[in-house]
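Peer 1: The structure is given below, and queries will be raised subsequently.
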Amino acid sequence: MDIKLSQCFIAVDDHDKAIAFYRDALGLEVRNDVSYEGLRWVTVGSPTQPGVEIVLEPSAADPATSPADRQVMAELLAKGLLRGVIFSTDDVDATFERVRAAGGEVLQEPVDQPYGVRDCAFRDPAGNMLRFNQPRRG
């Protein structure tokens, strides 16, 4: 049996801002853009990983979500309490400079971590934390 990651989901509150960040700042390609019952899902992915996608979805992605639950999810997203993702890169310092130059909100500049990676962190336009890491060299 072969199991592989296909998709992961990131909640966003403004798909157009999210597209600009994930496409323009991170260099991901937009693969799909779907609307249904007033909600929108945009799929992005790295050109070097055609089988793995990130779905940018509303914080309350079920059309049947109650207004009260939608409000709670929006508040959690605004506080940055929903999970983001960790990207790997072959040059964390260059990635940091690219994302910072594109206006990414810096949470952590590149640093060598005791657990064997050099990494940095940003918030996307919705407040999700994104980390970028590379294995430490020798």
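Simple scheme: letters A, B, ... for chains in structure tokens order, numbers from 1 for residues in each chain, numbers from 1 for ligands in the order shown.
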Write out as a count of residues only which residues come within 8 Å of stretch 30-33 of chain A when counting only C-alpha atoms, dropping same-chain ones fewer than 4 positions away.
Peer 2: 8
Peer 1: Skip A:Ala94 itself and residues of its chain fewer than 4 positions away, then list as a VMD selection string all residues within 12 Å of it, counting only C-alpha atoms.
Peer 2: chain A and resid 26 89 to 90 98 to 101 109 to 110 119 to 120 132 to 134
Peer 1: Out of A:Pro63, A:Pro47, A:Gly80, A:Gly27, which residue has the shortest atom-to-atom distance to A:Arg123 when counting only C-alpha atoms?
Peer 2: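 Smallest distance to A:Arg123 is found for A:Gly80.
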Peer 1: Provide the atom CA of A:Asn128 to atom CA of A:Gly104 distance in Å, to one decimal place.
Peer 2: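 Separating atom CA of A:Asn128 from atom CA of A:Gly104 is a distance of 11.3 Å.
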Peer 1: Identify all residues of stretch 12-86 of chain A in strand (DSSP E) (DSSP on the backbone) and supply them as a list in words.
Peer 2: Val12, Glu29, Val30, Arg31, Asn32, Asp33, Val34, Ser35, Tyr36, Leu39, Arg40, Trp41, Val42, Thr43, Val44, Gly45, Glu53, Ile54, Val55, Leu56, Glu57, Pro58, Val85 and Ile86 of chain A
Peer 1: List the spatial neighbours of stretch 7-15 of chain A as an MDAnalysis selection string - criterion: any atom at most 10 Å away, only C-alpha atoms, same-chain residues fewer than 6 positions off excluded.
Peer 2: chainID A and resid 21 33 40:45 51:61 73:74 77:78 82:85 124:128
Peer 1: For the residues selected in the previous step, produce a file with N, CA and C atoms as an mmCIF file, in the first residue's frame.
Peer 2:
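Contents of selection38.cif, as written:
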```
data_model
loop_
_atom_site.group_PDB
_atom_site.id
_atom_site.type_symbol
_atom_site.label_atom_id
_atom_site.label_comp_id
_atom_site.auth_asym_id
_atom_site.auth_seq_id
_atom_site.Cartn_x
_atom_site.Cartn_y
_atom_site.Cartn_z
ATOM 1 N N PHE A 21 -0.301 36.513 -2.419
ATOM 2 C CA PHE A 21 0.800 36.088 -1.553
ATOM 3 C C PHE A 21 1.372 34.744 -1.982
ATOM 4 N N ASP A 33 -9.686 27.207 -9.102
ATOM 5 C CA ASP A 33 -10.395 28.284 -8.420
ATOM 6 C C ASP A 33 -11.879 27.970 -8.554
ATOM 7 N N ARG A 40 -15.569 29.967 -1.633
ATOM 8 C CA ARG A 40 -14.545 29.837 -2.671
ATOM 9 C C ARG A 40 -13.377 29.009 -2.156
ATOM 10 N N TRP A 41 -12.848 28.170 -3.035
ATOM 11 C CA TRP A 41 -11.669 27.365 -2.754
ATOM 12 C C TRP A 41 -10.673 27.582 -3.891
ATOM 13 N N VAL A 42 -9.433 27.906 -3.557
ATOM 14 C CA VAL A 42 -8.380 28.101 -4.557
ATOM 15 C C VAL A 42 -7.262 27.116 -4.234
ATOM 16 N N THR A 43 -6.861 26.366 -5.230
ATOM 17 C CA THR A 43 -5.810 25.375 -5.044
ATOM 18 C C THR A 43 -4.503 25.910 -5.625
ATOM 19 N N VAL A 44 -3.433 25.855 -4.834
ATOM 20 C CA VAL A 44 -2.106 26.275 -5.273
ATOM 21 C C VAL A 44 -1.121 25.149 -5.015
ATOM 22 N N GLY A 45 0.002 25.193 -5.693
ATOM 23 C CA GLY A 45 1.024 24.184 -5.464
ATOM 24 C C GLY A 45 2.338 24.574 -6.092
ATOM 25 N N GLY A 51 1.990 16.659 -7.472
ATOM 26 C CA GLY A 51 1.017 15.825 -6.791
ATOM 27 C C GLY A 51 0.591 16.320 -5.422
ATOM 28 N N VAL A 52 1.108 17.486 -4.990
ATOM 29 C CA VAL A 52 0.777 18.026 -3.677
ATOM 30 C C VAL A 52 0.172 19.418 -3.856
ATOM 31 N N GLU A 53 -0.975 19.629 -3.210
ATOM 32 C CA GLU A 53 -1.680 20.903 -3.364
ATOM 33 C C GLU A 53 -2.074 21.469 -2.011
ATOM 34 N N ILE A 54 -2.126 22.789 -1.952
ATOM 35 C CA ILE A 54 -2.646 23.506 -0.797
ATOM 36 C C ILE A 54 -3.959 24.132 -1.238
ATOM 37 N N VAL A 55 -5.015 23.858 -0.482
ATOM 38 C CA VAL A 55 -6.316 24.434 -0.784
ATOM 39 C C VAL A 55 -6.536 25.616 0.150
ATOM 40 N N LEU A 56 -6.680 26.796 -0.428
ATOM 41 C CA LEU A 56 -6.984 27.996 0.333
ATOM 42 C C LEU A 56 -8.500 28.059 0.440
ATOM 43 N N GLU A 57 -8.999 27.860 1.641
ATOM 44 C CA GLU A 57 -10.439 27.720 1.833
ATOM 45 C C GLU A 57 -10.957 28.740 2.844
ATOM 46 N N PRO A 58 -12.273 28.960 2.852
ATOM 47 C CA PRO A 58 -12.835 29.843 3.883
ATOM 48 C C PRO A 58 -12.607 29.232 5.261
ATOM 49 N N SER A 59 -12.550 30.062 6.284
ATOM 50 C CA SER A 59 -12.316 29.535 7.630
ATOM 51 C C SER A 59 -13.443 28.605 8.077
ATOM 52 N N ALA A 60 -14.637 28.825 7.589
ATOM 53 C CA ALA A 60 -15.768 27.920 7.840
ATOM 54 C C ALA A 60 -16.225 27.424 6.469
ATOM 55 N N ALA A 61 -15.613 26.349 6.003
ATOM 56 C CA ALA A 61 -15.773 25.917 4.614
ATOM 57 C C ALA A 61 -17.051 25.138 4.323
ATOM 58 N N MET A 73 -14.929 30.970 13.957
ATOM 59 C CA MET A 73 -13.812 30.607 13.070
ATOM 60 C C MET A 73 -13.092 31.856 12.553
ATOM 61 N N ALA A 74 -13.847 32.887 12.192
ATOM 62 C CA ALA A 74 -13.240 34.130 11.718
ATOM 63 C C ALA A 74 -12.380 34.762 12.811
ATOM 64 N N LEU A 77 -9.153 32.732 13.170
ATOM 65 C CA LEU A 77 -8.265 33.042 12.052
ATOM 66 C C LEU A 77 -7.605 34.399 12.258
ATOM 67 N N ALA A 78 -8.382 35.400 12.663
ATOM 68 C CA ALA A 78 -7.839 36.743 12.874
ATOM 69 C C ALA A 78 -6.759 36.762 13.957
ATOM 70 N N LEU A 82 -5.279 29.337 13.814
ATOM 71 C CA LEU A 82 -5.469 28.162 12.965
ATOM 72 C C LEU A 82 -4.111 27.767 12.404
ATOM 73 N N ARG A 83 -3.921 26.517 12.098
ATOM 74 C CA ARG A 83 -2.601 26.012 11.698
ATOM 75 C C ARG A 83 -2.241 26.388 10.272
ATOM 76 N N GLY A 84 -0.965 26.590 10.049
ATOM 77 C CA GLY A 84 -0.427 26.849 8.729
ATOM 78 C C GLY A 84 0.339 25.634 8.243
ATOM 79 N N VAL A 85 1.379 25.863 7.485
ATOM 80 C CA VAL A 85 2.180 24.760 6.948
ATOM 81 C C VAL A 85 3.661 25.074 7.092
ATOM 82 N N ASP A 124 0.862 34.777 6.689
ATOM 83 C CA ASP A 124 0.244 35.095 5.399
ATOM 84 C C ASP A 124 -0.778 36.219 5.628
ATOM 85 N N PRO A 125 -1.413 36.728 4.584
ATOM 86 C CA PRO A 125 -2.344 37.847 4.765
ATOM 87 C C PRO A 125 -3.515 37.549 5.707
ATOM 88 N N ALA A 126 -3.865 36.279 5.905
ATOM 89 C CA ALA A 126 -4.958 35.920 6.811
ATOM 90 C C ALA A 126 -4.481 35.723 8.248
ATOM 91 N N GLY A 127 -3.179 35.705 8.466
ATOM 92 C CA GLY A 127 -2.639 35.527 9.807
ATOM 93 C C GLY A 127 -2.073 34.150 10.093
ATOM 94 N N ASN A 128 -2.128 33.232 9.132
ATOM 95 C CA ASN A 128 -1.578 31.894 9.330
ATOM 96 C C ASN A 128 -0.061 31.945 9.389
#
```
Peer 1: For A:Ala64, which residue out of A:Pro114, A:Gly38, A:Gln49, A:Arg131 is the nearest one, using only C-alpha atoms?
Peer 2: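 Once distances to A:Ala64 are computed over only C-alpha atoms, the minimum belongs to A:Gly38.
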Peer 1: Mind listing the alpha helix (DSSP H) residues of stretch 91-133 of chain A, per DSSP on the backbone, as a VMD selection string?
Peer 2: chain A and resid 92 to 101
Peer 1: Please write the residues from the selection above to a file, keeping all heavy atoms, as a PDB file, in the first residue's frame.
Peer 2:
```pdb
ATOM      1  N   VAL A  92      17.076  28.906   2.766  1.00  0.00           N
ATOM      2  CA  VAL A  92      16.132  29.615   3.624  1.00  0.00           C
ATOM      3  C   VAL A  92      16.416  31.116   3.655  1.00  0.00           C
ATOM      4  O   VAL A  92      15.494  31.922   3.742  1.00  0.00           O
ATOM      5  CB  VAL A  92      16.086  29.003   5.046  1.00  0.00           C
ATOM      6  CG1 VAL A  92      17.293  29.377   5.864  1.00  0.00           C
ATOM      7  CG2 VAL A  92      14.806  29.383   5.760  1.00  0.00           C
ATOM      8  N   ASP A  93      17.674  31.509   3.541  1.00  0.00           N
ATOM      9  CA  ASP A  93      17.995  32.937   3.587  1.00  0.00           C
ATOM     10  C   ASP A  93      17.467  33.656   2.338  1.00  0.00           C
ATOM     11  O   ASP A  93      16.904  34.748   2.440  1.00  0.00           O
ATOM     12  CB  ASP A  93      19.502  33.137   3.753  1.00  0.00           C
ATOM     13  CG  ASP A  93      19.969  32.624   5.109  1.00  0.00           C
ATOM     14  OD1 ASP A  93      19.694  33.301   6.120  1.00  0.00           O
ATOM     15  OD2 ASP A  93      20.576  31.539   5.152  1.00  0.00           O
ATOM     16  N   ALA A  94      17.635  33.049   1.174  1.00  0.00           N
ATOM     17  CA  ALA A  94      17.102  33.650  -0.056  1.00  0.00           C
ATOM     18  C   ALA A  94      15.576  33.659  -0.036  1.00  0.00           C
ATOM     19  O   ALA A  94      14.946  34.639  -0.465  1.00  0.00           O
ATOM     20  CB  ALA A  94      17.617  32.888  -1.277  1.00  0.00           C
ATOM     21  N   THR A  95      14.982  32.591   0.479  1.00  0.00           N
ATOM     22  CA  THR A  95      13.522  32.538   0.591  1.00  0.00           C
ATOM     23  C   THR A  95      13.037  33.641   1.516  1.00  0.00           C
ATOM     24  O   THR A  95      12.063  34.340   1.217  1.00  0.00           O
ATOM     25  CB  THR A  95      13.067  31.157   1.102  1.00  0.00           C
ATOM     26  OG1 THR A  95      13.501  30.153   0.177  1.00  0.00           O
ATOM     27  CG2 THR A  95      11.559  31.095   1.267  1.00  0.00           C
ATOM     28  N   PHE A  96      13.719  33.814   2.640  1.00  0.00           N
ATOM     29  CA  PHE A  96      13.344  34.865   3.584  1.00  0.00           C
ATOM     30  C   PHE A  96      13.367  36.228   2.901  1.00  0.00           C
ATOM     31  O   PHE A  96      12.413  37.010   3.027  1.00  0.00           O
ATOM     32  CB  PHE A  96      14.298  34.858   4.784  1.00  0.00           C
ATOM     33  CG  PHE A  96      14.051  35.992   5.734  1.00  0.00           C
ATOM     34  CD1 PHE A  96      13.034  35.909   6.673  1.00  0.00           C
ATOM     35  CD2 PHE A  96      14.810  37.144   5.675  1.00  0.00           C
ATOM     36  CE1 PHE A  96      12.787  36.958   7.541  1.00  0.00           C
ATOM     37  CE2 PHE A  96      14.572  38.198   6.536  1.00  0.00           C
ATOM     38  CZ  PHE A  96      13.557  38.112   7.478  1.00  0.00           C
ATOM     39  N   GLU A  97      14.439  36.521   2.187  1.00  0.00           N
ATOM     40  CA  GLU A  97      14.554  37.826   1.524  1.00  0.00           C
ATOM     41  C   GLU A  97      13.464  38.022   0.477  1.00  0.00           C
ATOM     42  O   GLU A  97      12.904  39.111   0.358  1.00  0.00           O
ATOM     43  CB  GLU A  97      15.940  38.001   0.914  1.00  0.00           C
ATOM     44  CG  GLU A  97      17.047  38.134   1.941  1.00  0.00           C
ATOM     45  CD  GLU A  97      16.841  39.273   2.938  1.00  0.00           C
ATOM     46  OE1 GLU A  97      16.225  40.307   2.590  1.00  0.00           O
ATOM     47  OE2 GLU A  97      17.284  39.130   4.096  1.00  0.00           O
ATOM     48  N   ARG A  98      13.154  36.976  -0.271  1.00  0.00           N
ATOM     49  CA  ARG A  98      12.108  37.075  -1.295  1.00  0.00           C
ATOM     50  C   ARG A  98      10.742  37.369  -0.671  1.00  0.00           C
ATOM     51  O   ARG A  98      10.020  38.254  -1.119  1.00  0.00           O
ATOM     52  CB  ARG A  98      12.035  35.781  -2.108  1.00  0.00           C
ATOM     53  CG  ARG A  98      10.895  35.780  -3.110  1.00  0.00           C
ATOM     54  CD  ARG A  98      10.793  34.476  -3.858  1.00  0.00           C
ATOM     55  NE  ARG A  98       9.600  34.481  -4.675  1.00  0.00           N
ATOM     56  CZ  ARG A  98       9.408  33.707  -5.706  1.00  0.00           C
ATOM     57  NH1 ARG A  98      10.333  32.845  -6.065  1.00  0.00           N
ATOM     58  NH2 ARG A  98       8.296  33.778  -6.400  1.00  0.00           N
ATOM     59  N   VAL A  99      10.382  36.616   0.373  1.00  0.00           N
ATOM     60  CA  VAL A  99       9.071  36.791   0.999  1.00  0.00           C
ATOM     61  C   VAL A  99       9.001  38.138   1.715  1.00  0.00           C
ATOM     62  O   VAL A  99       7.996  38.841   1.632  1.00  0.00           O
ATOM     63  CB  VAL A  99       8.750  35.611   1.943  1.00  0.00           C
ATOM     64  CG1 VAL A  99       7.420  35.830   2.648  1.00  0.00           C
ATOM     65  CG2 VAL A  99       8.726  34.294   1.162  1.00  0.00           C
ATOM     66  N   ARG A 100      10.073  38.520   2.392  1.00  0.00           N
ATOM     67  CA  ARG A 100      10.084  39.829   3.062  1.00  0.00           C
ATOM     68  C   ARG A 100       9.961  40.957   2.047  1.00  0.00           C
ATOM     69  O   ARG A 100       9.188  41.893   2.248  1.00  0.00           O
ATOM     70  CB  ARG A 100      11.345  40.003   3.898  1.00  0.00           C
ATOM     71  CG  ARG A 100      11.343  41.364   4.615  1.00  0.00           C
ATOM     72  CD  ARG A 100      12.431  41.513   5.609  1.00  0.00           C
ATOM     73  NE  ARG A 100      13.739  41.449   4.974  1.00  0.00           N
ATOM     74  CZ  ARG A 100      14.867  41.631   5.615  1.00  0.00           C
ATOM     75  NH1 ARG A 100      14.854  41.865   6.923  1.00  0.00           N
ATOM     76  NH2 ARG A 100      16.013  41.572   4.997  1.00  0.00           N
ATOM     77  N   ALA A 101      10.693  40.868   0.937  1.00  0.00           N
ATOM     78  CA  ALA A 101      10.626  41.907  -0.098  1.00  0.00           C
ATOM     79  C   ALA A 101       9.234  42.008  -0.705  1.00  0.00           C
ATOM     80  O   ALA A 101       8.819  43.080  -1.163  1.00  0.00           O
ATOM     81  CB  ALA A 101      11.664  41.628  -1.190  1.00  0.00           C
TER      82      ALA A 101
END
```
Peer 1: Quick one: of A:Leu130, A:Pro50, A:Leu39, A:Pro135, who's nearest to A:Val111, counting only C-alpha atoms?
Peer 2: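 That would be A:Pro135, the residue with the smallest distance to A:Val111.
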